[in-house]
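S.K.: Shown below is the structure under consideration.
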Amino acid sequence: MSELGDMRRFNTRKRLNSYVGIDTTEVDSGDHQSARHITKHGNPHARRILYWTVILMINPKMGNNHIRDAYQKPLPRRRNSSSVKWIASSKQSDTL
């Protein structure tokens with residue numbers, strides 16, 4: 001939390017995600033549409049703390065929690081585990 005500073009400056013979840021660097025972007029070019037990925041523009045230290053917090057929270061030894069529920073929730077299309085961890089990170093930033 002101290003890495004983020006005054007939380008009141010983030011009016012929306014989108015601004016907090018952008019500050020941490022877990023906001024998504026996608027590139028469109030005519031008929032081609034690339035997959036979404038995180039921008040990684042933002043505070044790398046805060047992003048690293050958030051990432052490891054999520055890794056620890058999805059550990060089965062931690063028991064049930066809202067982050068683990070979001071991680072294990074079936075997705076409509078197949079995604080790799082890395083993107084699911086970033087989705088769970090976004091969910092964690094909502095609770096801050």
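Simple scheme: letters A, B, ... for chains in structure tokens order, numbers from 1 for residues in each chain, numbers from 1 for ligands in the order shown.
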Could you name the residues that touch range 21-31 of chain A at 6 Å or less, counting only C-alpha atoms, but leaving out those on the same chain fewer than 6 positions away, as an mmCIF file with N, CA, C and O atoms, in the first residue's frame?

M.R.:
data_model
loop_
_atom_site.group_PDB
_atom_site.id
_atom_site.type_symbol
_atom_site.label_atom_id
_atom_site.label_comp_id
_atom_site.auth_asym_id
_atom_site.auth_seq_id
_atom_site.Cartn_x
_atom_site.Cartn_y
_atom_site.Cartn_z
ATOM 1 N N HIS A 37 -2.881 -7.803 -24.128
ATOM 2 C CA HIS A 37 -1.755 -8.028 -23.243
ATOM 3 C C HIS A 37 -1.593 -6.811 -22.341
ATOM 4 O O HIS A 37 -2.106 -5.743 -22.626
ATOM 5 N N ILE A 38 -0.890 -7.001 -21.225
ATOM 6 C CA ILE A 38 -0.708 -5.875 -20.309
ATOM 7 C C ILE A 38 0.376 -4.961 -20.854
ATOM 8 O O ILE A 38 1.291 -5.399 -21.550
ATOM 9 N N THR A 39 0.262 -3.680 -20.539
ATOM 10 C CA THR A 39 1.191 -2.709 -21.088
ATOM 11 C C THR A 39 2.524 -2.688 -20.356
ATOM 12 O O THR A 39 3.542 -2.385 -20.954
ATOM 13 N N LYS A 40 2.535 -2.993 -19.076
ATOM 14 C CA LYS A 40 3.715 -2.934 -18.218
ATOM 15 C C LYS A 40 4.286 -1.519 -18.138
ATOM 16 O O LYS A 40 5.433 -1.331 -17.778
ATOM 17 N N HIS A 41 3.497 -0.521 -18.488
ATOM 18 C CA HIS A 41 3.890 0.870 -18.250
ATOM 19 C C HIS A 41 3.363 1.213 -16.879
ATOM 20 O O HIS A 41 2.193 1.074 -16.601
ATOM 21 N N GLY A 42 4.199 1.642 -16.024
ATOM 22 C CA GLY A 42 3.761 1.962 -14.676
ATOM 23 C C GLY A 42 4.844 1.616 -13.681
ATOM 24 O O GLY A 42 6.006 1.434 -14.035
#

S.K.: Rounded to one decimal in Å, what is the spacing between CA of Asp6 in chain A and CA of Ala46 in chain A?

M.R.: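 Between CA of Asp6 in chain A and CA of Ala46 in chain A the gap is 13.6 Å.
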
S.K.: As a list in words, list the residues of range 15-67 of chain A assigned to helix (DSSP H, G or I) by DSSP on the backbone atoms of this structure.

M.R.: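 These are the residues in question: Arg15, Leu16, Asn17, Ser18, Tyr19, Val20, Pro44, His45, Ala46, Arg47, Arg48, Ile49, Leu50, Tyr51, Trp52, Thr53, Val54, Ile55, Leu56, Met57, Pro60, Lys61, Met62, His66 and Ile67 of chain A.
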
S.K.: As a PyMOL selection string, please: all residues of range 19-72 of chain A that backbone DSSP puts in strand (DSSP E).

M.R.: chain A and resi 24-25+28-29+32-33+37-38
